[in-house]
file data.cif (mmCIF, C-alpha atoms)
data_run
loop_
_atom_site.group_PDB
_atom_site.id
_atom_site.type_symbol
_atom_site.label_atom_id
_atom_site.label_comp_id
_atom_site.auth_asym_id
_atom_site.auth_seq_id
_atom_site.Cartn_x
_atom_site.Cartn_y
_atom_site.Cartn_z
ATOM 1 C CA MET P 1 0.000 0.000 0.000
ATOM 2 C CA GLU P 2 1.379 3.362 -0.996
ATOM 3 C CA LEU P 3 1.026 6.201 1.487
ATOM 4 C CA LYS P 4 0.782 9.678 0.054
ATOM 5 C CA ALA P 5 1.635 11.640 3.151
ATOM 6 C CA PRO P 6 3.904 14.681 3.078
ATOM 7 C CA ILE P 7 7.557 14.139 3.917
ATOM 8 C CA PRO P 8 8.337 15.499 7.395
ATOM 9 C CA GLY P 9 9.675 19.024 6.952
ATOM 10 C CA GLU P 10 8.231 19.399 3.462
ATOM 11 C CA ASN P 11 6.272 22.448 4.577
ATOM 12 C CA LEU P 12 9.568 24.198 5.339
ATOM 13 C CA LEU P 13 10.625 23.859 1.699
ATOM 14 C CA ALA P 14 7.349 25.114 0.181
ATOM 15 C CA ASP P 15 7.178 28.793 -0.671
ATOM 16 C CA GLY P 16 3.927 29.752 1.041
ATOM 17 C CA ARG P 17 4.267 33.494 0.617
ATOM 18 C CA ASN P 18 2.062 33.631 -2.433
ATOM 19 C CA PHE P 19 -0.893 31.640 -1.105
ATOM 20 C CA PRO P 20 -4.099 33.718 -1.047
ATOM 21 C CA TRP P 21 -4.586 33.327 2.717
ATOM 22 C CA ARG P 22 -1.078 34.664 3.320
ATOM 23 C CA ARG P 23 -1.920 37.969 1.699
ATOM 24 C CA ALA P 24 -4.083 40.717 3.185
ATOM 25 C CA PRO P 25 -7.783 39.820 2.780
ATOM 26 C CA GLU P 26 -9.711 41.393 -0.081
ATOM 27 C CA ILE P 27 -12.692 42.375 2.062
ATOM 28 C CA VAL P 28 -12.465 43.810 5.564
ATOM 29 C CA ASP P 29 -15.920 45.370 5.939
ATOM 30 C CA TYR P 30 -18.559 43.238 7.697
ATOM 31 C CA ASP P 31 -21.537 44.170 5.515
ATOM 32 C CA GLU P 32 -19.512 43.952 2.336
ATOM 33 C CA ALA P 33 -18.207 40.520 3.299
ATOM 34 C CA VAL P 34 -21.665 39.197 4.193
ATOM 35 C CA GLU P 35 -23.131 40.545 0.970
ATOM 36 C CA SER P 36 -20.319 38.970 -1.007
ATOM 37 C CA ILE P 37 -20.793 35.489 0.432
ATOM 38 C CA LEU P 38 -24.594 35.688 0.195
ATOM 39 C CA ASN P 39 -24.266 36.551 -3.503
ATOM 40 C CA LYS P 40 -21.906 33.628 -3.954
ATOM 41 C CA VAL P 41 -24.268 31.247 -2.160
ATOM 42 C CA ASP P 42 -27.128 32.463 -4.353
ATOM 43 C CA GLU P 43 -25.411 31.028 -7.424
ATOM 44 C CA ASP P 44 -27.215 27.928 -8.687
ATOM 45 C CA ALA P 45 -24.238 25.590 -8.430
ATOM 46 C CA GLU P 46 -23.433 26.664 -4.860
ATOM 47 C CA LEU P 47 -27.036 26.415 -3.712
ATOM 48 C CA GLU P 48 -27.417 22.974 -5.258
ATOM 49 C CA ALA P 49 -24.272 21.828 -3.475
ATOM 50 C CA VAL P 50 -25.554 23.202 -0.163
ATOM 51 C CA PHE P 51 -28.930 21.478 -0.548
ATOM 52 C CA ALA P 52 -27.176 18.249 -1.525
ATOM 53 C CA MET P 53 -25.087 18.436 1.655
ATOM 54 C CA MET P 54 -28.254 18.991 3.696
ATOM 55 C CA ASP P 55 -29.869 15.984 2.008
ATOM 56 C CA VAL P 56 -27.002 13.695 2.946
ATOM 57 C CA GLY P 57 -27.334 14.772 6.579
ATOM 58 C CA ALA P 58 -24.659 17.440 7.024
ATOM 59 C CA ASP P 59 -25.741 19.911 9.674
ATOM 60 C CA MET P 60 -25.760 23.686 9.289
ATOM 61 C CA VAL P 61 -22.602 24.162 11.373
ATOM 62 C CA THR P 62 -20.616 21.880 9.065
ATOM 63 C CA ILE P 63 -21.965 23.495 5.901
ATOM 64 C CA THR P 64 -21.363 27.029 7.192
ATOM 65 C CA SER P 65 -17.829 26.318 8.375
ATOM 66 C CA THR P 66 -16.989 24.590 5.075
ATOM 67 C CA LEU P 67 -18.177 27.561 3.020
ATOM 68 C CA LEU P 68 -16.365 30.030 5.277
ATOM 69 C CA LEU P 69 -13.096 28.115 5.279
ATOM 70 C CA ASN P 70 -13.275 27.995 1.503
ATOM 71 C CA TYR P 71 -13.754 31.765 1.478
ATOM 72 C CA VAL P 72 -10.810 32.272 3.824
ATOM 73 C CA GLY P 73 -8.713 29.957 1.654
ATOM 74 C CA MET P 74 -9.506 32.082 -1.372
ATOM 75 C CA GLY P 75 -8.126 35.087 0.472
ATOM 76 C CA LYS P 76 -11.447 36.935 0.457
ATOM 77 C CA VAL P 77 -11.790 37.513 4.200
ATOM 78 C CA SER P 78 -9.762 37.009 7.342
ATOM 79 C CA ILE P 79 -10.559 34.166 9.733
ATOM 80 C CA ASP P 80 -11.880 36.629 12.350
ATOM 81 C CA LEU P 81 -14.313 38.212 9.938
ATOM 82 C CA ALA P 82 -15.341 34.740 8.757
ATOM 83 C CA LEU P 83 -16.481 33.955 12.293
ATOM 84 C CA LEU P 84 -18.619 37.103 12.377
ATOM 85 C CA MET P 85 -20.119 36.078 9.046
ATOM 86 C CA SER P 86 -21.105 32.625 10.277
ATOM 87 C CA GLY P 87 -24.334 33.839 11.953
ATOM 88 C CA PRO P 88 -25.753 35.707 8.952
ATOM 89 C CA LEU P 89 -24.672 33.003 6.513
ATOM 90 C CA SER P 90 -26.270 30.179 8.477
ATOM 91 C CA ARG P 91 -29.468 32.196 8.899
ATOM 92 C CA TYR P 92 -29.591 32.889 5.168
ATOM 93 C CA LEU P 93 -29.029 29.230 4.313
ATOM 94 C CA GLU P 94 -31.786 28.298 6.750
ATOM 95 C CA ILE P 95 -34.231 30.652 4.997
ATOM 96 C CA LYS P 96 -33.218 29.340 1.588
ATOM 97 C CA ALA P 97 -33.660 25.730 2.706
ATOM 98 C CA LYS P 98 -37.080 26.474 4.182
ATOM 99 C CA SER P 99 -38.206 28.205 1.001
ATOM 100 C CA ALA P 100 -36.999 25.250 -1.102
ATOM 101 C CA GLY P 101 -38.597 22.726 1.256
ATOM 102 C CA VAL P 102 -35.297 21.038 2.108
ATOM 103 C CA ASP P 103 -35.017 19.374 5.506
ATOM 104 C CA PHE P 104 -31.969 20.391 7.486
ATOM 105 C CA ASP P 105 -30.382 20.001 10.879
ATOM 106 C CA LEU P 106 -29.143 23.178 12.547
ATOM 107 C CA GLY P 107 -26.618 21.255 14.617
ATOM 108 C CA LEU P 108 -27.001 23.664 17.531
ATOM 109 C CA VAL P 109 -26.456 22.413 21.071
ATOM 110 C CA ASP P 110 -29.583 22.335 23.202
ATOM 111 C CA GLU P 111 -28.601 23.909 26.524
ATOM 112 C CA ASN P 112 -31.677 22.489 28.277
ATOM 113 C CA ARG P 113 -30.871 18.938 27.255
ATOM 114 C CA LYS P 114 -30.716 16.536 30.163
ATOM 115 C CA PRO P 115 -27.725 14.198 29.951
ATOM 116 C CA ILE P 116 -28.536 10.488 29.704
ATOM 117 C CA THR P 117 -27.412 8.680 32.829
ATOM 118 C CA ALA P 118 -27.074 5.027 33.766
ATOM 119 C CA GLU P 119 -30.170 5.431 35.947
ATOM 120 C CA ASP P 120 -32.193 6.533 32.901
ATOM 121 C CA MET P 121 -31.008 3.476 30.996
ATOM 122 C CA ARG P 122 -32.009 1.170 33.863
ATOM 123 C CA MET P 123 -35.427 2.796 34.011
ATOM 124 C CA ALA P 124 -35.852 2.462 30.248
ATOM 125 C CA MET P 125 -34.780 -1.194 30.295
ATOM 126 C CA ASN P 126 -36.891 -2.028 33.384
ATOM 127 C CA ILE P 127 -33.872 -3.160 35.334
ATOM 128 C CA VAL P 128 -34.579 -2.995 39.053
ATOM 129 C CA GLU P 129 -31.392 -2.734 41.008
ATOM 130 C CA GLN P 130 -31.318 -4.798 44.187
ATOM 131 C CA ASP P 131 -29.478 -3.458 47.174
ATOM 132 C CA GLU P 132 -26.745 -5.978 47.472
ATOM 133 C CA GLU P 133 -23.810 -5.287 49.681
ATOM 134 C CA ALA P 134 -20.494 -5.968 48.047
ATOM 135 C CA PRO P 135 -18.777 -8.977 49.629
ATOM 136 C CA GLU P 136 -15.742 -8.049 51.653
ATOM 137 C CA LEU P 137 -12.573 -9.237 50.031
ATOM 138 C CA ASP P 138 -9.912 -10.866 52.116
ATOM 139 C CA LEU P 139 -7.006 -8.655 51.136
ATOM 140 C CA PRO P 140 -3.522 -9.205 52.545
ATOM 141 C CA GLN P 141 -2.623 -6.676 55.235
ATOM 142 C CA GLU P 142 0.535 -4.635 54.948
ATOM 143 C CA ALA P 143 3.143 -5.461 57.513
ATOM 144 C CA PRO P 144 4.132 -2.514 59.763
ATOM 145 C CA GLU P 145 7.472 -0.959 58.849
ATOM 146 C CA GLU P 146 10.345 -1.957 61.057
ATOM 147 C CA GLU P 147 13.002 0.577 61.896
ATOM 148 C CA ALA P 148 16.449 -0.333 60.599
ATOM 149 C CA PRO P 149 19.203 -0.787 63.252
ATOM 150 C CA GLU P 150 21.504 2.248 63.743
ATOM 151 C CA ASP P 151 24.593 0.587 62.294
ATOM 152 C CA SER P 152 22.692 -0.549 59.172
ATOM 153 C CA LEU P 153 23.222 1.085 55.775
ATOM 154 C CA MET P 154 19.485 1.825 55.598
ATOM 155 C CA ALA P 155 19.466 3.619 58.949
ATOM 156 C CA GLN P 156 18.751 7.356 58.985
ATOM 157 C CA PRO P 157 22.052 9.257 59.208
ATOM 158 C CA PRO P 158 22.547 11.370 62.342
ATOM 159 C CA VAL P 159 21.713 15.069 61.943
ATOM 160 C CA ALA P 160 24.762 17.324 62.156
ATOM 161 C CA SER P 161 24.810 20.046 64.809
ATOM 162 C CA GLU P 162 24.423 23.716 63.825
ATOM 163 C CA GLU P 163 28.182 24.352 64.219
ATOM 164 C CA GLU P 164 29.014 21.430 61.959
ATOM 165 C CA GLN P 165 26.465 22.612 59.412
ATOM 166 C CA SER P 166 27.826 26.178 59.394
ATOM 167 C CA SER P 167 31.384 24.908 59.034
ATOM 168 C CA MET P 168 30.310 22.678 56.169
ATOM 169 C CA LEU P 169 28.732 25.709 54.500
ATOM 170 C CA GLY P 170 31.947 27.714 55.005
ATOM 171 C CA MET P 171 30.317 30.243 57.349
ATOM 172 C CA ASP P 172 33.246 30.194 59.813
ATOM 173 C CA GLU P 173 35.784 31.057 57.117
ATOM 174 C CA GLU P 174 33.672 34.009 55.948
ATOM 175 C CA GLU P 175 33.444 35.311 59.518
ATOM 176 C CA GLU P 176 37.218 34.976 59.911
ATOM 177 C CA ILE P 177 37.827 36.849 56.671
ATOM 178 C CA ALA P 178 35.339 39.527 57.709
ATOM 179 C CA ASN P 179 37.041 39.907 61.096
ATOM 180 C CA GLY P 180 40.425 40.201 59.373
ATOM 181 C CA MET S 1 -10.995 25.335 19.972
ATOM 182 C CA ARG S 2 -11.628 24.142 16.450
ATOM 183 C CA PHE S 3 -13.053 26.426 13.762
ATOM 184 C CA ASP S 4 -16.392 24.595 13.572
ATOM 185 C CA GLU S 5 -16.786 24.884 17.356
ATOM 186 C CA ALA S 6 -16.236 28.640 17.083
ATOM 187 C CA VAL S 7 -18.740 28.771 14.207
ATOM 188 C CA LEU S 8 -21.287 26.948 16.358
ATOM 189 C CA ILE S 9 -20.863 29.502 19.173
ATOM 190 C CA ALA S 10 -21.027 32.418 16.712
ATOM 191 C CA MET S 11 -24.230 31.024 15.188
ATOM 192 C CA GLN S 12 -25.843 30.648 18.593
ATOM 193 C CA LYS S 13 -24.768 34.149 19.594
ATOM 194 C CA PHE S 14 -26.131 35.636 16.377
ATOM 195 C CA ARG S 15 -29.495 34.071 17.060
ATOM 196 C CA THR S 16 -29.602 35.685 20.493
ATOM 197 C CA GLY S 17 -28.168 38.979 19.167
ATOM 198 C CA ASP S 18 -25.118 38.988 21.454
ATOM 199 C CA VAL S 19 -22.415 39.297 18.796
ATOM 200 C CA LEU S 20 -24.027 42.262 17.124
ATOM 201 C CA ALA S 21 -22.907 44.739 19.783
ATOM 202 C CA LYS S 22 -19.268 43.792 19.163
ATOM 203 C CA THR S 23 -19.796 43.834 15.397
ATOM 204 C CA LYS S 24 -21.167 47.358 15.641
ATOM 205 C CA GLU S 25 -17.991 48.437 17.406
ATOM 206 C CA LEU S 26 -15.963 47.256 14.406
ATOM 207 C CA LYS S 27 -18.018 49.098 11.867
ATOM 208 C CA GLU S 28 -18.773 52.780 11.610
ATOM 209 C CA GLY S 29 -22.408 53.595 10.951
ATOM 210 C CA ALA S 30 -25.339 51.208 10.845
ATOM 211 C CA VAL S 31 -24.916 47.474 10.339
ATOM 212 C CA ARG S 32 -27.166 46.114 7.615
ATOM 213 C CA TYR S 33 -27.086 42.375 8.195
ATOM 214 C CA THR S 34 -28.588 42.154 11.666
ATOM 215 C CA PRO S 35 -30.743 39.323 13.072
ATOM 216 C CA GLU S 36 -33.767 41.575 12.522
ATOM 217 C CA TYR S 37 -32.844 41.926 8.844
ATOM 218 C CA PHE S 38 -32.953 38.154 8.440
ATOM 219 C CA ASP S 39 -36.237 37.909 10.355
ATOM 220 C CA GLU S 40 -37.729 40.408 7.901
ATOM 221 C CA LEU S 41 -36.183 38.541 4.970
ATOM 222 C CA GLU S 42 -37.662 35.277 6.215
ATOM 223 C CA LYS S 43 -41.111 36.833 6.404
ATOM 224 C CA GLU S 44 -40.649 38.328 2.963
ATOM 225 C CA ILE S 45 -39.504 35.096 1.302
ATOM 226 C CA LEU S 46 -41.655 32.608 3.137
ATOM 227 C CA GLY S 47 -44.597 34.979 3.427
ATOM 228 C CA GLU S 48 -47.635 33.555 5.157
ATOM 229 C CA ASP S 49 -45.933 30.279 5.986
ATOM 230 C CA VAL S 50 -43.937 31.826 8.809
ATOM 231 C CA GLU S 51 -46.959 33.566 10.286
ATOM 232 C CA ALA S 52 -48.962 30.338 10.036
ATOM 233 C CA ASP S 53 -46.179 28.417 11.754
ATOM 234 C CA LEU S 54 -46.025 31.008 14.524
ATOM 235 C CA ASP S 55 -49.806 30.848 14.989
ATOM 236 C CA GLN S 56 -49.630 27.051 15.211
ATOM 237 C CA GLU S 57 -46.850 27.238 17.783
ATOM 238 C CA MET S 58 -48.839 29.690 19.879
ATOM 239 C CA GLU S 59 -51.887 27.447 19.688
ATOM 240 C CA ILE S 60 -49.851 24.482 20.852
ATOM 241 C CA GLU S 61 -48.411 26.492 23.742
ATOM 242 C CA ASP S 62 -51.901 27.677 24.737
ATOM 243 C CA GLY S 63 -53.168 24.114 24.524
ATOM 244 C CA THR S 64 -55.971 25.098 22.179
#
call {"tool": "encode", "arguments": {"input": "data.cif", "output": "structure tokens"}}
result
Amino acid sequence: MELKAPIPGENLLADGRNFPWRRAPEIVDYDEAVESILNKVDEDAELEAVFAMMDVGADMVTITSTLLLNYVGMGKVSIDLALLMSGPLSRYLEIKAKSAGVDFDLGLVDENRKPITAEDMRMAMNIVEQDEEAPELDLPQEAPEEEAPEDSLMAQPPVASEEEQSSMLGMDEEEEIANG
Amino acid sequence: MRFDEAVLIAMQKFRTGDVLAKTKELKEGAVRYTPEYFDELEKEILGEDVEADLDQEMEIEDGT
């Protein structure tokens, strides 16, 4: 099987400066951009493609984002403006679909939706849960830790006194130097 | 956040009219493509169908 994936680092060799989305966008005004994309969507071929996508079950979010990404890719608008255009575009497509009698799914998230829980599933399947206590398992108990003898390698080393610690840190030498 | 997730949020906000205030800040003068514009357009294109649908919805809510 032949894999047609890009070679790692291939993007570093491509000259991407002349791609449309690399240049400044053609349209920066909100109304102008919305009007432009609505005119484009009104073309027969575009509208037929949109209705075909709706027929195969694509929701409005998918269709809108596809059209907008295509527009951004053509260098017409920036990605920020494309997001602002998503509301008007989806609304327009909705009106067009209604007028043509095409069924569509908005794909919006219902905030009032109640999440399906295991309890709901049990209720739906008529499974009555009996209160059974879980049997206690006979697990092995951990043995208490024994302290290692003082002369052992594992024994905790004795803590040095403050004088020893300061001498180890070189504090005495500094004091001597400071005192002359 | 992926682009389609941002589109979903933007669509929901447009329907509630939240984004429009920020859009107005970007643009000098009046914004043409507002949610109200599309409501009017829907009535204009679909005509009586929308009003009939609204009446039916109200009847269902009233339980009549």
call {"tool": "resolve_selection", "arguments": {"input": "data.cif", "expression": "the PyMOL selection byres ((chain P) within 7 of (chain S))", "output": "VMD selection string"}}
result
chain P and resid 31 61 to 62 65 83 to 84 86 to 88 91 95 99 108
call {"tool": "atom_distance", "arguments": {"input": "data.cif", "atom1": "CA of Glu163 (chain P)", "atom2": "CA of Ala148 (chain P)"}}
result
27.6 Å
call {"tool": "atom_distance", "arguments": {"input": "data.cif", "atom1": "CA of Ala24 (chain P)", "atom2": "CA of Val72 (chain P)"}}
result
10.8 Å
call {"tool": "atom_distance", "arguments": {"input": "data.cif", "atom1": "CA of Tyr30 (chain P)", "atom2": "CA of Val77 (chain P)"}}
result
9.5 Å
call {"tool": "closest_residue", "arguments": {"input": "data.cif", "among": "P:Glu147, P:Glu162, P:Asp120, P:Glu94", "to": "Thr64 (chain P)", "atoms": "only C-alpha atoms"}}
result
P:Glu94
call {"tool": "resolve_selection", "arguments": {"input": "data.cif", "expression": "the PyMOL selection byres ((chain P and resi 23) around 12)", "output": "list in words"}}
result
Gly16, Arg17, Asn18, Phe19, Pro20, Trp21, Arg22, Ala24, Pro25, Glu26, Ile27, Val72, Gly73, Met74, Gly75, Lys76, Val77 and Ser78 of chain P
call {"tool": "residues_around", "arguments": {"input": "data.cif", "residues": "Ala49 (chain P)", "least_positions_apart": "3", "cutoff": "12 Å", "atoms": "all atoms listed in the file", "output": "list in words"}}
result
Val41, Asp42, Glu43, Asp44, Ala45, Glu46, Ala52, Met53, Met54, Asp55, Val56, Ala58, Ile63, Thr66, Leu67, Leu93 and Ala97 of chain P
call {"tool": "axis_aligned_box", "arguments": {"input": "data.cif", "around": "region 26-43 of chain P", "padding_each_side": "6 Å", "output": "JSON"}}
result
{"center_x": -18.4, "center_y": 38.2, "center_z": 0.1, "size_x": 29.4, "size_y": 26.3, "size_z": 27.1}
